[in-house]
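S.K.: I'd like to ask you about the structure that follows.
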Amino acid sequence: MAGHENLAAKVEHVAKTQGDGLGFDVLSFDTEGNERFLEVKTTTFARETPFFASASEVRFAQQNAERFALCRLFDFRKSAKCFTLPGPMQNHCALDPFSFRCSFR
């Protein structure tokens with residue numbers, strides 16, 4: 001972040017420092033200092049390779065649409081590439097239910 005070293009110093013890998021249940025992986029900032037929530041999804045295969053997202057990640061993205069972005073890393077082992085998609089995941093991806101948590105009534 002050229003010229004924004006103060007903001008760059010505040011970027012935090014929250015999935016590592018606070019745990020993986022917040023709904024996003026990285027707390028970042030735009031050039032105005034506003035918080036941005038980044039969820040990083042990585043696969044070793046092609047750009048189109050499906051990936052998994054938790055219900056809490058999808059919900060967080062929807063509730064924080066203006067400040068959320070999905071960062072998609074792919075082809076990770078050969079020649080890693082990345083692109084970013086702003087807003088809720090359902091704006092860019094088909095969300096297929098994959099599993100359910102079952103609890104007793």
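Residue names in the structure tokens use chain letters A, B, ... in the order shown, residue numbers from 1 in each chain, and ligand numbers from 1 in the order shown.
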Using only C-alpha atoms, find each residue of range 46-91 of chain A with at least one atom at most 12 Å away from an atom of range 3-20 of chain A; report its shortest atom-to-atom pair and that distance in Å (one decimal), sort the rows by chain and rising residue number, and return the result as a tab-separated table.

M.R.:
```
residue	atom	partner	partner_atom	distance
A:Ala53	CA	A:Asp20	CA	11.9
A:Ser54	CA	A:Asp20	CA	10.5
A:Ser56	CA	A:Asp20	CA	10.3
A:Glu57	CA	A:Asp20	CA	9.9
```

S.K.: Please list as a PyMOL selection string every residue within 9 Å of Thr43 in chain A, counting only C-alpha atoms and excluding residues in the same chain fewer than 4 positions away.

M.R.: chain A and resi 47+49-51+72-77

S.K.: Could you pull out the strand (DSSP E) residues of chain A from DSSP and send them as an MDAnalysis selection string?

M.R.: chainID A and resid 26:29 35:42 68:74 81:86

S.K.: Keeping only C-alpha atoms, write the selected residues to a file as a short mmCIF file (atom, residue, chain, number, x, y, z; two decimals), in the first residue's frame.

M.R.:
```
data_model
loop_
_atom_site.label_atom_id
_atom_site.label_comp_id
_atom_site.auth_asym_id
_atom_site.auth_seq_id
_atom_site.Cartn_x
_atom_site.Cartn_y
_atom_site.Cartn_z
CA VAL A 26 -8.04 -11.05 6.74
CA LEU A 27 -8.94 -7.64 8.15
CA SER A 28 -7.65 -5.06 5.69
CA PHE A 29 -8.30 -1.42 4.85
CA GLU A 35 -12.21 -1.74 7.14
CA ARG A 36 -12.37 -4.44 4.46
CA PHE A 37 -13.09 -8.09 5.21
CA LEU A 38 -11.29 -10.58 2.96
CA GLU A 39 -12.09 -14.27 2.69
CA VAL A 40 -9.30 -16.20 0.97
CA LYS A 41 -10.11 -19.42 -0.90
CA THR A 42 -7.21 -21.39 -2.37
CA PHE A 68 -16.48 -7.88 1.93
CA ALA A 69 -14.39 -9.41 -0.86
CA LEU A 70 -13.62 -12.98 -1.85
CA CYS A 71 -9.95 -13.42 -2.77
CA ARG A 72 -9.60 -16.46 -5.00
CA LEU A 73 -6.15 -18.04 -5.27
CA PHE A 74 -5.79 -20.84 -7.78
CA LYS A 81 -2.75 -16.54 -9.51
CA CYS A 82 -5.38 -14.45 -7.76
CA PHE A 83 -8.49 -12.44 -8.43
CA THR A 84 -10.88 -10.60 -6.11
CA LEU A 85 -14.67 -10.52 -6.19
CA PRO A 86 -16.43 -7.82 -4.13
#
```

S.K.: What parts of chain A does DSSP call alpha helix (DSSP H)? I'd like the answer as number ranges by chain.

M.R.: A: 5-8, 14-17, 55-63, 76-79

S.K.: List as a list in words the protein and nucleic acid residues near Gly87 in chain A, meaning an atom at most 9 Å away when only C-alpha atoms are counted, but skip any in the same chain fewer than 2 places from it.

M.R.: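 The filter keeps Ala61, Gln62, Asn64, Ala65, Glu66, Arg67, Phe68, Ala69, Leu70, Leu85, Met89, Gln90, Asn91 and His92 of chain A.
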
S.K.: Enter the distance from CA of Phe60 in chain A to CA of Thr31 in chain A, in Å, rounded to one decimal.

M.R.: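 Value for the CA of Phe60 in chain A-CA of Thr31 in chain A distance: 22.4 Å.
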
S.K.: Figure out the distance between CA of Pro97 in chain A and CA of Phe52 in chain A, please, to one decimal in Å.

M.R.: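 These atoms are spaced 10.1 Å apart.
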
S.K.: Report, in Å with one decimal, the straight-line distance from CA of Phe104 in chain A to CA of Val58 in chain A.

M.R.: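 A separation of 24.5 Å between them.
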